[in-house]
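Engineer: Enclosed is the structure file coords.txt (compact mmCIF, C-alpha atoms).
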```txt
# COMPACT_ATOMS: atom_id res chain seq x y z
CA MET A 1 287.76 131.36 90.28
CA GLU A 2 288.58 128.97 93.12
CA ASN A 3 285.62 130.14 95.24
CA ASN A 4 286.04 127.27 97.69
CA ILE A 5 289.32 128.81 98.87
CA PHE A 6 287.87 132.27 99.49
CA ASN A 7 284.42 131.26 100.69
CA GLY A 8 285.51 128.38 102.92
CA GLN A 9 284.77 128.52 106.62
CA ASN A 10 288.30 127.47 107.62
CA VAL A 11 290.40 130.61 107.16
CA ALA A 12 293.63 128.92 108.29
CA LYS A 13 293.18 126.13 105.74
CA SER A 14 292.51 128.66 102.97
CA TYR A 15 295.63 130.60 103.95
CA ILE A 16 297.80 127.47 103.80
CA LYS A 17 296.35 126.50 100.40
CA LEU A 18 297.30 129.90 99.01
CA SER A 19 300.66 130.43 100.72
CA LEU A 20 302.27 126.97 100.74
CA PRO A 21 302.60 126.68 96.93
CA LEU A 22 304.21 130.12 96.89
CA VAL A 23 306.65 129.11 99.63
CA LEU A 24 307.57 125.99 97.63
CA SER A 25 308.12 128.08 94.51
CA MET A 26 310.37 130.38 96.55
CA VAL A 27 312.42 127.34 97.60
CA ILE A 28 312.82 126.32 93.96
CA THR A 29 313.86 129.88 93.11
CA LEU A 30 316.45 129.71 95.87
CA ILE A 31 317.83 126.45 94.46
CA TYR A 32 318.04 128.07 91.02
CA ASN A 33 319.91 131.07 92.46
CA LEU A 34 322.46 128.85 94.16
CA ALA A 35 322.83 126.64 91.05
CA ASP A 36 323.31 129.73 88.89
CA THR A 37 326.12 130.92 91.17
CA TYR A 38 327.64 127.41 91.27
CA PHE A 39 327.98 127.07 87.49
CA ILE A 40 329.45 130.56 87.15
CA ALA A 41 331.93 129.82 89.94
CA GLN A 42 333.04 126.64 88.14
CA THR A 43 334.82 128.88 85.62
CA ASN A 44 337.31 129.76 88.40
CA ASN A 45 337.24 133.33 87.10
CA THR A 46 336.80 135.73 90.02
CA ASN A 47 336.23 138.69 87.71
CA LEU A 48 333.43 136.80 85.95
CA VAL A 49 331.74 135.94 89.26
CA ALA A 50 332.08 139.57 90.36
CA GLY A 51 330.77 140.87 87.02
CA VAL A 52 327.67 138.68 87.19
CA SER A 53 327.16 139.56 90.87
CA LEU A 54 327.03 143.21 89.85
CA GLY A 55 323.86 142.42 87.91
CA ALA A 56 321.95 141.75 91.16
CA PRO A 57 320.84 145.40 91.61
CA ILE A 58 319.53 145.41 88.03
CA PHE A 59 317.46 142.30 88.70
CA THR A 60 316.12 143.88 91.87
CA LEU A 61 315.21 147.06 89.99
CA LEU A 62 313.28 145.09 87.34
CA MET A 63 311.58 143.17 90.16
CA ALA A 64 310.56 146.49 91.69
CA ILE A 65 308.91 147.60 88.46
CA GLY A 66 307.17 144.24 88.13
CA ASN A 67 305.89 144.56 91.69
CA ILE A 68 304.28 147.93 90.95
CA PHE A 69 301.84 146.24 88.60
CA GLY A 70 302.07 142.71 90.06
CA GLN A 71 301.46 143.41 93.73
CA GLY A 72 299.53 146.63 93.16
CA GLY A 73 297.27 144.95 90.62
CA THR A 74 296.85 141.81 92.74
CA SER A 75 295.71 143.84 95.74
CA LEU A 76 293.09 145.65 93.66
CA ILE A 77 291.93 142.51 91.84
CA SER A 78 291.51 140.67 95.17
CA ARG A 79 289.31 143.46 96.49
CA LEU A 80 287.31 143.58 93.25
CA LEU A 81 286.80 139.80 93.51
CA GLY A 82 285.34 140.35 96.97
CA GLN A 83 282.98 142.91 95.42
CA ASN A 84 282.18 140.51 92.55
CA ASP A 85 283.12 143.26 90.04
CA GLN A 86 283.97 141.08 87.03
CA GLN A 87 284.11 143.90 84.48
CA ASN A 88 286.73 145.94 86.32
CA ILE A 89 288.80 142.84 87.13
CA GLU A 90 289.19 142.21 83.40
CA LYS A 91 290.11 145.85 82.78
CA VAL A 92 292.65 146.01 85.61
CA SER A 93 294.33 142.73 84.63
CA SER A 94 294.61 143.88 80.99
CA PHE A 95 295.95 147.29 82.03
CA CYS A 96 298.68 145.82 84.24
CA PHE A 97 299.64 143.21 81.64
CA TYR A 98 300.18 145.67 78.79
CA MET A 99 301.63 148.45 80.94
CA SER A 100 304.30 146.07 82.22
CA ILE A 101 305.27 145.30 78.61
CA ILE A 102 305.37 148.99 77.67
CA VAL A 103 307.42 149.96 80.72
CA GLY A 104 309.70 146.96 80.16
CA ILE A 105 310.46 148.02 76.59
CA ALA A 106 311.13 151.58 77.82
CA MET A 107 313.54 150.14 80.40
CA THR A 108 315.37 148.26 77.64
CA VAL A 109 315.91 151.47 75.68
CA ILE A 110 317.04 153.44 78.74
CA MET A 111 319.37 150.72 80.00
CA LEU A 112 321.05 150.26 76.62
CA ILE A 113 321.50 154.00 76.04
CA PHE A 114 323.06 154.57 79.49
CA ARG A 115 324.87 151.21 79.65
CA VAL A 116 328.39 152.48 80.38
CA PRO A 117 327.64 155.03 83.14
CA LEU A 118 325.17 152.63 84.78
CA LEU A 119 327.72 149.81 84.84
CA TYR A 120 330.30 151.99 86.56
CA LEU A 121 327.58 153.22 88.92
CA ILE A 122 326.74 149.68 90.10
CA GLY A 123 330.43 149.00 90.81
CA ALA A 124 332.10 147.74 87.63
CA SER A 125 335.88 148.18 87.35
CA SER A 126 338.28 147.87 84.44
CA ASP A 127 338.69 144.15 85.26
CA THR A 128 335.00 143.31 85.61
CA PHE A 129 333.50 145.69 83.04
CA GLN A 130 333.48 143.25 80.11
CA TYR A 131 331.76 140.54 82.16
CA ALA A 132 329.31 142.89 83.81
CA SER A 133 328.53 144.45 80.41
CA ALA A 134 327.93 141.06 78.74
CA TYR A 135 325.52 140.09 81.51
CA TYR A 136 323.88 143.53 81.62
CA ILE A 137 323.17 143.74 77.87
CA PHE A 138 321.05 140.59 77.78
CA LEU A 139 319.28 141.56 80.99
CA ALA A 140 318.42 144.88 79.36
CA ILE A 141 317.13 143.18 76.21
CA GLY A 142 314.97 140.85 78.29
CA SER A 143 313.68 143.55 80.67
CA PHE A 144 310.03 143.25 79.66
CA VAL A 145 310.22 139.45 79.92
CA ILE A 146 311.48 139.68 83.52
CA ILE A 147 308.99 142.40 84.52
CA LEU A 148 306.10 140.50 82.92
CA SER A 149 306.82 137.41 85.03
CA TYR A 150 305.58 139.25 88.15
CA ILE A 151 302.15 139.99 86.65
CA HIS A 152 300.28 136.74 86.05
CA SER A 153 302.22 134.83 88.71
CA ASN A 154 300.57 137.18 91.21
CA PHE A 155 297.20 137.50 89.43
CA LEU A 156 296.67 133.74 89.28
CA ARG A 157 297.12 133.57 93.05
CA ALA A 158 294.54 136.34 93.39
CA GLU A 159 292.11 134.06 91.57
CA GLY A 160 293.00 131.16 93.87
CA MET A 161 295.25 129.30 91.41
CA SER A 162 298.36 129.15 93.61
CA LYS A 163 299.36 125.74 92.26
CA GLU A 164 299.37 127.03 88.68
CA SER A 165 301.41 130.04 89.78
CA MET A 166 303.88 127.72 91.49
CA SER A 167 304.07 125.45 88.43
CA GLY A 168 305.09 128.35 86.21
CA THR A 169 307.79 129.50 88.63
CA VAL A 170 309.15 125.97 88.98
CA LEU A 171 309.16 125.58 85.18
CA GLY A 172 311.25 128.73 84.77
CA SER A 173 313.74 127.66 87.44
CA ILE A 174 314.18 124.19 85.93
CA VAL A 175 314.73 125.63 82.46
CA ASN A 176 317.29 128.05 83.89
CA ILE A 177 319.15 125.32 85.77
CA ILE A 178 319.31 123.17 82.64
CA LEU A 179 320.48 126.00 80.40
CA ASP A 180 323.14 127.36 82.79
CA PRO A 181 325.81 124.66 82.30
CA ILE A 182 324.99 124.37 78.60
CA LEU A 183 325.37 128.06 77.82
CA ILE A 184 327.99 129.02 80.42
CA SER A 185 330.35 126.05 80.12
CA PHE A 186 329.54 123.95 77.04
CA PHE A 187 329.13 126.88 74.64
CA ASN A 188 331.62 128.94 76.70
CA LEU A 189 329.37 132.03 76.70
CA GLY A 190 330.26 132.96 80.28
CA ALA A 191 328.36 135.97 81.61
CA SER A 192 326.29 136.25 78.41
CA GLY A 193 325.23 132.62 78.77
CA ALA A 194 324.15 133.18 82.37
CA ALA A 195 322.01 136.17 81.35
CA ILE A 196 320.49 134.39 78.34
CA ALA A 197 319.61 131.39 80.53
CA SER A 198 317.96 133.72 83.05
CA VAL A 199 315.90 135.56 80.42
CA ILE A 200 314.73 132.29 78.81
CA GLY A 201 313.99 131.02 82.32
CA TYR A 202 311.61 133.98 82.75
CA LEU A 203 310.17 133.72 79.23
CA CYS A 204 308.96 130.12 79.68
CA PRO A 205 306.73 130.85 82.69
CA ASP A 206 305.48 134.02 80.96
CA ILE A 207 304.18 131.86 78.12
CA PHE A 208 302.87 129.23 80.55
CA PHE A 209 300.97 131.84 82.57
CA MET A 210 299.41 133.37 79.45
CA VAL A 211 298.17 129.94 78.33
CA VAL A 212 296.66 129.33 81.79
CA VAL A 213 294.94 132.74 81.75
CA LEU A 214 293.50 132.13 78.27
CA LYS A 215 292.33 128.57 78.92
CA ARG A 216 291.51 128.35 82.64
CA SER A 217 291.00 131.78 84.15
CA GLN A 218 287.40 132.87 84.69
CA VAL A 219 288.16 136.48 85.60
CA LEU A 220 291.50 137.62 84.12
CA SER A 221 291.88 139.13 80.67
CA MET A 222 294.59 140.07 78.15
CA ASN A 223 292.25 142.00 75.86
CA MET A 224 294.03 145.19 74.81
CA ARG A 225 290.73 146.88 73.91
CA ILE A 226 289.60 146.98 77.54
CA MET A 227 292.89 148.03 79.17
CA ARG A 228 291.67 151.58 79.90
CA ILE A 229 290.82 151.94 83.59
CA SER A 230 289.66 154.76 85.84
CA PHE A 231 292.08 157.16 87.51
CA GLU A 232 290.91 155.85 90.89
CA HIS A 233 291.98 152.31 89.98
CA VAL A 234 295.34 153.58 88.70
CA ARG A 235 295.78 155.40 92.01
CA GLN A 236 295.00 152.24 93.96
CA ILE A 237 297.43 150.13 91.90
CA PHE A 238 300.25 152.63 92.39
CA GLY A 239 299.24 153.25 96.01
CA ILE A 240 300.06 149.62 96.83
CA GLY A 241 302.61 148.87 94.10
CA ILE A 242 304.96 151.84 94.52
CA PRO A 243 305.57 151.33 98.27
CA ALA A 244 306.28 147.64 97.53
CA ALA A 245 308.64 148.69 94.74
CA ILE A 246 310.46 151.19 96.96
CA VAL A 247 311.55 148.30 99.18
CA ASN A 248 313.16 146.62 96.15
CA VAL A 249 314.67 149.88 94.92
CA MET A 250 316.32 150.50 98.30
CA GLN A 251 317.72 146.97 98.17
CA SER A 252 319.28 147.89 94.81
CA VAL A 253 320.68 151.13 96.23
CA SER A 254 322.10 149.23 99.20
CA ALA A 255 323.77 146.66 96.92
CA VAL A 256 325.24 149.41 94.70
CA LEU A 257 326.68 151.24 97.71
CA VAL A 258 328.21 148.03 99.09
CA ASN A 259 329.79 147.29 95.70
CA GLN A 260 331.20 150.80 95.51
CA PHE A 261 332.73 150.50 99.01
CA LEU A 262 334.21 147.09 98.15
CA LEU A 263 335.85 148.24 94.91
CA SER A 264 339.03 149.36 96.63
CA TYR A 265 339.37 145.95 98.34
CA GLY A 266 339.36 143.96 95.10
CA ASN A 267 336.91 142.14 92.83
CA ASP A 268 337.19 138.93 94.86
CA LYS A 269 335.43 140.75 97.72
CA ILE A 270 332.59 141.79 95.40
CA ALA A 271 332.29 138.21 94.17
CA ALA A 272 332.20 136.88 97.75
CA MET A 273 329.56 139.40 98.78
CA GLY A 274 327.41 138.46 95.77
CA ILE A 275 327.47 134.81 96.87
CA ALA A 276 326.82 135.69 100.53
CA LEU A 277 323.79 137.82 99.62
CA LYS A 278 322.24 134.93 97.71
CA ILE A 279 322.67 132.63 100.72
CA SER A 280 321.09 135.25 102.98
CA MET A 281 317.97 135.09 100.80
CA ILE A 282 317.05 131.68 102.28
CA ALA A 283 315.08 133.09 105.23
CA LEU A 284 313.86 136.11 103.28
CA LEU A 285 312.29 134.07 100.46
CA LEU A 286 310.52 131.68 102.84
CA LEU A 287 309.03 134.50 104.91
CA THR A 288 308.11 136.42 101.76
CA GLY A 289 306.20 133.37 100.51
CA TYR A 290 304.06 133.23 103.64
CA ALA A 291 303.50 137.00 103.59
CA PHE A 292 302.50 137.29 99.92
CA GLY A 293 300.57 134.02 100.03
CA GLY A 294 297.91 135.50 102.26
CA GLN A 295 297.52 138.75 100.33
CA PRO A 296 294.76 137.54 97.94
CA LEU A 297 292.77 136.19 100.89
CA PHE A 298 293.01 139.43 102.87
CA GLY A 299 292.08 141.50 99.80
CA TYR A 300 289.06 139.31 99.04
CA TYR A 301 287.74 139.54 102.61
CA TYR A 302 288.30 143.29 102.65
CA GLY A 303 286.48 143.76 99.33
CA SER A 304 283.53 141.67 100.53
CA LYS A 305 283.42 143.69 103.77
CA ASP A 306 284.10 140.56 105.81
```
Mind turning this structure into structure tokens?

Structural biologist:
Amino acid sequence: MENNIFNGQNVAKSYIKLSLPLVLSMVITLIYNLADTYFIAQTNNTNLVAGVSLGAPIFTLLMAIGNIFGQGGTSLISRLLGQNDQQNIEKVSSFCFYMSIIVGIAMTVIMLIFRVPLLYLIGASSDTFQYASAYYIFLAIGSFVIILSYIHSNFLRAEGMSKESMSGTVLGSIVNIILDPILISFFNLGASGAAIASVIGYLCPDIFFMVVVLKRSQVLSMNMRIMRISFEHVRQIFGIGIPAAIVNVMQSVSAVLVNQFLLSYGNDKIAAMGIALKISMIALLLLTGYAFGGQPLFGYYYGSKD
């Protein structure tokens, strides 16, 4: 663990060390989001842009599930680090890791079974259904990959390894940006190509984070045999994680309602709104980086009764 960050006398300096890498990773994520939209828009197919834009609420929903275990687990691990409770840190990190995989696989099954009604619920029309469905199917298949990306990216920051967390996020964004034009335009896969590029873009950092945990982490674990934790720890994970997830869920609900209201005005309006929402994320992502960046520090001080 990077004890010098948590035990340093200069709190402001420790906060910057933890939050700045996360802010930079948010900037890279923003660039990826804009590049993703750019390559899709190059097809000059409004229905395709609208169909892919309809996938935004699904992404937000998967993010919400990831945040239950990612943010909820990070908060608890930070406090346990302050208490120097190594044994329970290993148990909690293993529990969150494997539960995110289990829940992700369950989401895949549910999303594929209810594909048609869910697509119409999020705003698909007869013109956009095929594109939205192509994008949705691969998102559903890669659900656990996307959810898993929010686990170790948060846990590594809890241990003080913000730079490693940033490196994984940047890696995923670069892979996604490279694959987008190849799969969307060169192989002419359209919406399917965009979704495949996104899932692979999440898979690469997942693998990177697991390697970092296995080789460099002093406190985190992926040992399935110790994933059983106390009810009190489950309560604390959900007590922090579920409120954080509700914010994301309400964002999904808001996007779905907007799409439904825009249906009668045409798919070009849905496409335009999808692009506008991504641009509006500029301020949100930067502020989120500074907010989440300090969380491990606050948790550590709280756990150590400082």

Engineer: Determine the nearest neighbour of A:Val49 from the options A:Phe6, A:Tyr32, A:Phe95, A:Phe129, counting all atoms listed in the file.

Structural biologist: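 Closest residue, counting all atoms listed in the file: A:Phe129.
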
Engineer: Tell me which protein, DNA and RNA residues are within 6 Å of A:Ile151, counting all atoms listed in the file, leaving out same-chain ones fewer than 3 positions away, and put them as a list in words.

Structural biologist: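 Answer for this query is Gly70, Leu148 and Asn154 of chain A.
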
Engineer: Here is a test: counting all atoms listed in the file, which residue of A:Ala197, A:Val249, A:Leu119, A:Ala50 is nearest to A:Gly172?

Structural biologist: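 Checking each candidate against A:Gly172, we get A:Ala197 as the closest.
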
Engineer: Ranking A:Val23, A:Ile16, A:Asn7, A:Ile105 by minimum distance to A:Leu285 and counting all atoms listed in the file, which one comes first?

Structural biologist: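 Going through A:Val23, A:Ile16, A:Asn7, A:Ile105 one by one, the smallest distance to A:Leu285 is for A:Val23.
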
Engineer: For the point (318.7, 135.0, 83.4) in the file's frame, write as number ranges by chain all residues with an atom no more than 9 Å away, counting all atoms listed in the file.

Structural biologist: A: 36, 135, 138-139, 142, 146, 176, 180, 193-202

Engineer: Between atom CA of A:Ala283 and atom CA of A:Gly51, what is the distance, to one decimal in Å?

Structural biologist: 25.3 Å

Engineer: Within 9 Å of stretch 98-102 of chain A, counting all atoms listed in the file, which residues qualify if same-chain residues fewer than 2 places away don't, as a VMD selection string?

Structural biologist: chain A and resid 65 to 66 68 to 70 93 to 96 104 to 107 143 to 145 147 to 148 151 222 224 227

Engineer: Please, could you write that set of residues out with C-alpha atoms as a JSON list (two decimals), keeping the file's coordinate frame?

Structural biologist:
```json
[["chain", "number", "residue", "atom", "x", "y", "z"],
["A", 65, "ILE", "CA", 308.91, 147.60, 88.46],
["A", 66, "GLY", "CA", 307.17, 144.24, 88.13],
["A", 68, "ILE", "CA", 304.28, 147.93, 90.95],
["A", 69, "PHE", "CA", 301.84, 146.24, 88.60],
["A", 70, "GLY", "CA", 302.07, 142.71, 90.06],
["A", 93, "SER", "CA", 294.33, 142.73, 84.63],
["A", 94, "SER", "CA", 294.61, 143.88, 80.99],
["A", 95, "PHE", "CA", 295.95, 147.29, 82.03],
["A", 96, "CYS", "CA", 298.68, 145.82, 84.24],
["A", 104, "GLY", "CA", 309.70, 146.96, 80.16],
["A", 105, "ILE", "CA", 310.46, 148.02, 76.59],
["A", 106, "ALA", "CA", 311.13, 151.58, 77.82],
["A", 107, "MET", "CA", 313.54, 150.14, 80.40],
["A", 143, "SER", "CA", 313.68, 143.55, 80.67],
["A", 144, "PHE", "CA", 310.03, 143.25, 79.66],
["A", 145, "VAL", "CA", 310.22, 139.45, 79.92],
["A", 147, "ILE", "CA", 308.99, 142.40, 84.52],
["A", 148, "LEU", "CA", 306.10, 140.50, 82.92],
["A", 151, "ILE", "CA", 302.15, 139.99, 86.65],
["A", 222, "MET", "CA", 294.59, 140.07, 78.15],
["A", 224, "MET", "CA", 294.03, 145.19, 74.81],
["A", 227, "MET", "CA", 292.89, 148.03, 79.17]]
```

Engineer: If we count all atoms listed in the file and set the cut-off at 7 Å, which residues sit around A:Ser19, ignoring sequence neighbours fewer than 4 positions away in its own chain? Please answer as a ChimeraX atom specification.

Structural biologist: /A:15,23,289-290,293-294

Engineer: Give the answer as one residue: which of A:Asn10, A:Ser149, A:Gln295, A:Ser173 has the shortest atom-to-atom distance to A:Leu76, using only C-alpha atoms?

Structural biologist: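 Between A:Asn10, A:Ser149, A:Gln295, A:Ser173, the residue approaching A:Leu76 most closely is A:Gln295.
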
Engineer: Kindly indicate which residue among A:Leu61, A:Val11, A:Ala56, A:Ile28 lies nearest to A:Met250, using only C-alpha atoms for the distances.

Structural biologist: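 Going through A:Leu61, A:Val11, A:Ala56, A:Ile28 one by one, the smallest distance to A:Met250 is for A:Leu61.
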
Engineer: Copy stretch 36-47 of chain A out of the block into a file, keeping all heavy atoms, as a tab-separated table (two decimals), in the first residue's frame.

Structural biologist:
```
chain	number	residue	atom	x	y	z
A	36	ASP	N	-15.83	7.99	-30.34
A	36	ASP	CA	-16.79	6.94	-30.63
A	36	ASP	C	-17.97	7.52	-31.43
A	36	ASP	O	-18.39	6.96	-32.45
A	36	ASP	CB	-17.28	6.35	-29.30
A	36	ASP	CG	-18.08	5.07	-29.51
A	36	ASP	OD1	-17.62	4.22	-30.30
A	36	ASP	OD2	-19.14	4.92	-28.89
A	37	THR	N	-18.48	8.64	-30.97
A	37	THR	CA	-19.60	9.30	-31.66
A	37	THR	C	-19.17	9.78	-33.04
A	37	THR	O	-19.94	9.67	-34.01
A	37	THR	CB	-20.09	10.51	-30.83
A	37	THR	OG1	-20.44	10.06	-29.52
A	37	THR	CG2	-21.30	11.15	-31.48
A	38	TYR	N	-17.95	10.28	-33.16
A	38	TYR	CA	-17.45	10.79	-34.43
A	38	TYR	C	-17.43	9.70	-35.50
A	38	TYR	O	-17.92	9.90	-36.62
A	38	TYR	CB	-16.05	11.37	-34.25
A	38	TYR	CG	-15.36	11.74	-35.54
A	38	TYR	CD1	-15.65	12.95	-36.18
A	38	TYR	CD2	-14.43	10.88	-36.13
A	38	TYR	CE1	-15.04	13.29	-37.38
A	38	TYR	CE2	-13.81	11.22	-37.33
A	38	TYR	CZ	-14.12	12.42	-37.94
A	38	TYR	OH	-13.52	12.75	-39.13
A	39	PHE	N	-16.87	8.53	-35.16
A	39	PHE	CA	-16.75	7.46	-36.15
A	39	PHE	C	-18.11	6.90	-36.55
A	39	PHE	O	-18.32	6.52	-37.71
A	39	PHE	CB	-15.85	6.34	-35.62
A	39	PHE	CG	-14.41	6.73	-35.53
A	39	PHE	CD1	-13.74	6.71	-34.30
A	39	PHE	CD2	-13.70	7.13	-36.65
A	39	PHE	CE1	-12.41	7.08	-34.21
A	39	PHE	CE2	-12.37	7.51	-36.57
A	39	PHE	CZ	-11.72	7.48	-35.35
A	40	ILE	N	-19.04	6.87	-35.61
A	40	ILE	CA	-20.39	6.41	-35.93
A	40	ILE	C	-21.08	7.42	-36.85
A	40	ILE	O	-21.76	7.06	-37.81
A	40	ILE	CB	-21.21	6.20	-34.64
A	40	ILE	CG1	-20.63	5.04	-33.83
A	40	ILE	CG2	-22.68	5.92	-34.97
A	40	ILE	CD1	-21.22	4.91	-32.44
A	41	ALA	N	-20.86	8.71	-36.56
A	41	ALA	CA	-21.49	9.76	-37.36
A	41	ALA	C	-20.94	9.80	-38.79
A	41	ALA	O	-21.63	10.26	-39.71
A	41	ALA	CB	-21.28	11.12	-36.70
A	42	GLN	N	-19.70	9.29	-38.98
A	42	GLN	CA	-19.11	9.29	-40.32
A	42	GLN	C	-19.86	8.39	-41.29
A	42	GLN	O	-19.67	8.48	-42.51
A	42	GLN	CB	-17.64	8.86	-40.24
A	42	GLN	CG	-16.73	9.87	-39.56
A	42	GLN	CD	-16.82	11.25	-40.17
A	42	GLN	OE1	-16.49	11.45	-41.34
A	42	GLN	NE2	-17.29	12.21	-39.39
A	43	THR	N	-20.71	7.52	-40.78
A	43	THR	CA	-21.52	6.66	-41.65
A	43	THR	C	-22.63	7.45	-42.33
A	43	THR	O	-23.25	6.96	-43.28
A	43	THR	CB	-22.15	5.52	-40.85
A	43	THR	OG1	-23.04	6.06	-39.85
A	43	THR	CG2	-21.09	4.68	-40.16
A	44	ASN	N	-22.91	8.68	-41.84
A	44	ASN	CA	-23.98	9.52	-42.38
A	44	ASN	C	-25.34	8.84	-42.32
A	44	ASN	O	-26.23	9.11	-43.13
A	44	ASN	CB	-23.68	9.95	-43.82
A	44	ASN	CG	-22.47	10.87	-43.91
A	44	ASN	OD1	-22.33	11.78	-43.11
A	44	ASN	ND2	-21.59	10.61	-44.87
A	45	ASN	N	-25.49	7.94	-41.35
A	45	ASN	CA	-26.75	7.22	-41.17
A	45	ASN	C	-27.36	7.68	-39.84
A	45	ASN	O	-26.93	7.26	-38.77
A	45	ASN	CB	-26.49	5.71	-41.15
A	45	ASN	CG	-27.78	4.89	-41.08
A	45	ASN	OD1	-28.83	5.37	-40.65
A	45	ASN	ND2	-27.71	3.64	-41.53
A	46	THR	N	-28.38	8.54	-39.94
A	46	THR	CA	-28.99	9.09	-38.74
A	46	THR	C	-29.60	8.01	-37.87
A	46	THR	O	-29.52	8.07	-36.63
A	46	THR	CB	-30.08	10.11	-39.12
A	46	THR	OG1	-29.50	11.13	-39.93
A	46	THR	CG2	-30.69	10.75	-37.86
A	47	ASN	N	-30.21	7.02	-38.50
A	47	ASN	CA	-30.84	5.93	-37.73
A	47	ASN	C	-29.79	5.12	-36.96
A	47	ASN	O	-30.05	4.66	-35.84
A	47	ASN	CB	-31.62	5.01	-38.65
A	47	ASN	CG	-32.88	5.66	-39.19
A	47	ASN	OD1	-33.47	6.52	-38.55
A	47	ASN	ND2	-33.28	5.28	-40.40
```
